[in-house]
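Structure first, commentary second.
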Amino acid sequence: MSFMIGFIVTGIGYVVFYKKLAWRVLAPFAIPCALLFFTPMVWGRLKTIASPSKNLDRLIMWKVGSNITRDNPWTGVGIAHIRTVWPDYFHSAWKKHFPYEQELWSDVHSLYLQQAGERGLPGLAILLVVLGAITWRSVKLLYGDPGNLDLHISTLAAIAAFWVMNLTESAFQDTEVVFVFYFLLA
């Protein structure tokens, strides 16, 4: 889903800044995106994305993350310690909604809830300031460096996808995603 958000932002960026849609740039991405979109697995997931009964495991994870943050708003529980406190917040009746009825998790499937739970609200605020600064800098470069519009539109698209993706995932636990994020920071 975040790939599609990035693709859409890229398309909008080209329309806004070039006053036309750059098919030569977007076509190589549009074809795989369309093929991926129409696979039964992705299409099936998109049809159930707003269904609470199909996403109950994720909703439970978010509830656990919210409760951890509620109980530890200033300090969090410590980096990588969600797993340590998970049993205190997870009700065994919920396990039937999880793959293989797993009861112990270390991830709440939201970077923002994960940061707040592990590092407290100050840690979440710092993350949001860093992400906001990166976004702001990208927007400034987009308007201030017309010679590199392709680079700046792509960077902003990747950042938009990162913001959206982390609503339902914890991207900092994926080495590949973190590498791209650090590359964008440079």
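Identifiers in this document derive from the order of the structure tokens: chains are assigned A, B, ..., residues are numbered from 1 separately in each chain, and ligands are numbered from 1 in order of occurrence.
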Exercise. If you count only C-alpha atoms, which residues fall within 10 Å of Leu141 of chain A, apart from same-chain ones fewer than 4 positions away, as an MDAnalysis selection string?
Worked result: chainID A and resid 135:137 145:146 148:149 151:153 156
Exercise. So which residues touch Ser170 of chain A within 10 Å, counting only C-alpha atoms, skipping near sequence neighbours fewer than 2 positions away, as a list in words?
Worked result: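 Using only C-alpha atoms, the neighbours found are Asp107, Val108, His109, Ser110, Leu111, Tyr112, Leu113, Gln114, Gln115, Met165, Asn166, Leu167, Thr168, Phe172, Gln173, Asp174 and Val177 of chain A.
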Can you write out the residues you just picked, keeping N, CA, C and O atoms, as a PDB file, in the first residue's frame?
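File written: again-v2.pdb
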ATOM      1  N   ASP A 107       6.288  -6.589  18.666  1.00  0.00           N
ATOM      2  CA  ASP A 107       5.975  -5.519  17.731  1.00  0.00           C
ATOM      3  C   ASP A 107       4.477  -5.220  17.812  1.00  0.00           C
ATOM      4  O   ASP A 107       3.672  -6.136  17.839  1.00  0.00           O
ATOM      5  N   VAL A 108       4.129  -3.935  17.834  1.00  0.00           N
ATOM      6  CA  VAL A 108       2.716  -3.568  17.879  1.00  0.00           C
ATOM      7  C   VAL A 108       2.186  -3.132  16.511  1.00  0.00           C
ATOM      8  O   VAL A 108       1.080  -2.631  16.400  1.00  0.00           O
ATOM      9  N   HIS A 109       2.971  -3.324  15.463  1.00  0.00           N
ATOM     10  CA  HIS A 109       2.575  -3.032  14.085  1.00  0.00           C
ATOM     11  C   HIS A 109       2.152  -1.586  13.866  1.00  0.00           C
ATOM     12  O   HIS A 109       1.189  -1.311  13.160  1.00  0.00           O
ATOM     13  N   SER A 110       2.868  -0.681  14.472  1.00  0.00           N
ATOM     14  CA  SER A 110       2.744   0.747  14.203  1.00  0.00           C
ATOM     15  C   SER A 110       4.012   1.387  14.754  1.00  0.00           C
ATOM     16  O   SER A 110       4.269   1.309  15.957  1.00  0.00           O
ATOM     17  N   LEU A 111       4.809   1.984  13.873  1.00  0.00           N
ATOM     18  CA  LEU A 111       6.057   2.589  14.329  1.00  0.00           C
ATOM     19  C   LEU A 111       5.786   3.621  15.405  1.00  0.00           C
ATOM     20  O   LEU A 111       6.511   3.709  16.394  1.00  0.00           O
ATOM     21  N   TYR A 112       4.718   4.391  15.247  1.00  0.00           N
ATOM     22  CA  TYR A 112       4.435   5.482  16.179  1.00  0.00           C
ATOM     23  C   TYR A 112       4.033   4.944  17.553  1.00  0.00           C
ATOM     24  O   TYR A 112       4.502   5.435  18.587  1.00  0.00           O
ATOM     25  N   LEU A 113       3.195   3.917  17.591  1.00  0.00           N
ATOM     26  CA  LEU A 113       2.852   3.290  18.873  1.00  0.00           C
ATOM     27  C   LEU A 113       4.058   2.549  19.462  1.00  0.00           C
ATOM     28  O   LEU A 113       4.244   2.531  20.682  1.00  0.00           O
ATOM     29  N   GLN A 114       4.867   1.947  18.601  1.00  0.00           N
ATOM     30  CA  GLN A 114       6.058   1.238  19.062  1.00  0.00           C
ATOM     31  C   GLN A 114       7.026   2.216  19.739  1.00  0.00           C
ATOM     32  O   GLN A 114       7.551   1.936  20.816  1.00  0.00           O
ATOM     33  N   GLN A 115       7.257   3.362  19.095  1.00  0.00           N
ATOM     34  CA  GLN A 115       8.158   4.361  19.666  1.00  0.00           C
ATOM     35  C   GLN A 115       7.623   4.899  20.985  1.00  0.00           C
ATOM     36  O   GLN A 115       8.368   5.039  21.946  1.00  0.00           O
ATOM     37  N   MET A 165       3.219   4.075   5.575  1.00  0.00           N
ATOM     38  CA  MET A 165       3.527   2.674   5.873  1.00  0.00           C
ATOM     39  C   MET A 165       3.651   2.443   7.377  1.00  0.00           C
ATOM     40  O   MET A 165       3.228   1.406   7.891  1.00  0.00           O
ATOM     41  N   ASN A 166       4.214   3.406   8.077  1.00  0.00           N
ATOM     42  CA  ASN A 166       4.469   3.218   9.499  1.00  0.00           C
ATOM     43  C   ASN A 166       3.244   3.390  10.382  1.00  0.00           C
ATOM     44  O   ASN A 166       3.331   3.199  11.591  1.00  0.00           O
ATOM     45  N   LEU A 167       2.115   3.709   9.794  1.00  0.00           N
ATOM     46  CA  LEU A 167       0.876   3.675  10.567  1.00  0.00           C
ATOM     47  C   LEU A 167       0.536   2.236  10.945  1.00  0.00           C
ATOM     48  O   LEU A 167      -0.006   1.972  12.014  1.00  0.00           O
ATOM     49  N   THR A 168       0.861   1.304  10.054  1.00  0.00           N
ATOM     50  CA  THR A 168       0.491  -0.095  10.283  1.00  0.00           C
ATOM     51  C   THR A 168       1.678  -1.045  10.338  1.00  0.00           C
ATOM     52  O   THR A 168       1.495  -2.252  10.418  1.00  0.00           O
ATOM     53  N   PHE A 172      11.364   0.406  11.180  1.00  0.00           N
ATOM     54  CA  PHE A 172      12.727   0.407  11.703  1.00  0.00           C
ATOM     55  C   PHE A 172      13.191  -0.988  12.113  1.00  0.00           C
ATOM     56  O   PHE A 172      14.333  -1.167  12.490  1.00  0.00           O
ATOM     57  N   GLN A 173      12.326  -1.960  12.044  1.00  0.00           N
ATOM     58  CA  GLN A 173      12.730  -3.332  12.331  1.00  0.00           C
ATOM     59  C   GLN A 173      13.093  -4.087  11.059  1.00  0.00           C
ATOM     60  O   GLN A 173      13.491  -5.238  11.117  1.00  0.00           O
ATOM     61  N   ASP A 174      12.948  -3.441   9.915  1.00  0.00           N
ATOM     62  CA  ASP A 174      13.308  -4.043   8.632  1.00  0.00           C
ATOM     63  C   ASP A 174      14.578  -3.379   8.121  1.00  0.00           C
ATOM     64  O   ASP A 174      14.575  -2.192   7.786  1.00  0.00           O
ATOM     65  N   VAL A 177      14.402  -1.381   4.815  1.00  0.00           N
ATOM     66  CA  VAL A 177      13.703  -0.098   4.894  1.00  0.00           C
ATOM     67  C   VAL A 177      14.566   0.924   5.609  1.00  0.00           C
ATOM     68  O   VAL A 177      14.660   2.082   5.201  1.00  0.00           O
TER      69      VAL A 177
END
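When only C-alpha atoms are used to measure the gap to Val178 of chain A, the shortest distance among A:Phe38, A:Ser106, A:Tyr143, A:Phe162 belongs to A:Phe162.
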Problem set entry | Two-atom distance - atom CA of Glu169 of chain A, atom CA of Gly13 of chain A (Å) |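 Atom-to-atom, atom CA of Glu169 of chain A and atom CA of Gly13 of chain A are spaced 25.2 Å apart.
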Exercise. Quick one: distance from atom CA of Arg119 of chain A to atom CA of Ala186 of chain A in Å, one decimal?
Worked result: 24.5 Å
Would you tabulate, counting only C-alpha atoms, all residues of segment 102-174 of chain A that have an atom at most 8 Å from an atom of segment 71-95 of chain A, showing the closest pair of atoms and their distance in Å to one decimal, sorted by chain then ascending number, as a tab-separated table?
residue	atom	partner	partner_atom	distance
A:Gln102	CA	A:Lys95	CA	6.1
A:Glu103	CA	A:Lys95	CA	5.6
A:Leu104	CA	A:Trp86	CA	6.5
A:Trp105	CA	A:Arg83	CA	5.6
A:Ser106	CA	A:Arg83	CA	4.2
A:Asp107	CA	A:Ile82	CA	6.9
A:Ala116	CA	A:Gly76	CA	6.4
A:Gly117	CA	A:Gly76	CA	4.9
A:Glu118	CA	A:Gly76	CA	4.5
A:Arg119	CA	A:Gly76	CA	4.4
A:Gly120	CA	A:Gly76	CA	3.9
A:Leu121	CA	A:Pro73	CA	5.5
A:Pro122	CA	A:Trp74	CA	6.5
Exercise. Can you list, as a list in words, every protein, DNA or RNA residue that comes within 10 Å of Leu56 of chain A when you count only C-alpha atoms, leaving out same-chain residues fewer than 4 positions away?
Worked result: Ser51, Pro52, Ile60, Met61, Trp62, Trp94, His97 and Phe98 of chain A
Problem set entry | A:Leu185, A:Ser154, A:Leu46, A:Lys63 ranked by distance to Leu131 of chain A, top pick (using only C-alpha atoms) |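 Ranking A:Leu185, A:Ser154, A:Leu46, A:Lys63 by distance to Leu131 of chain A, first place goes to A:Leu185.
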Problem set entry | Backbone-only DSSP, helix (DSSP H, G or I) members of segment 73-183 of chain A, as an NGL selection string | :A and (82-89 or 92-97 or 99-101 or 111-144 or 146-168 or 171-173 or 175-183)
Exercise. What is the atom CA of Val139 of chain A to atom CA of Leu127 of chain A distance in Å?
Worked result: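 These two atoms are separated by 18.4 Å.
Here the question is which of A:Val129, A:Ile49, A:Ala34, A:Asp57 gets nearest to Lys96 of chain A using only C-alpha atoms, and that residue is A:Asp57.
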Problem set entry | Which of A:Val15, A:Cys33, A:Ala133, A:Ile68 sits closest to Asp150 of chain A [using only C-alpha atoms] |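 Among A:Val15, A:Cys33, A:Ala133, A:Ile68, it is A:Val15 that comes nearest to Asp150 of chain A.
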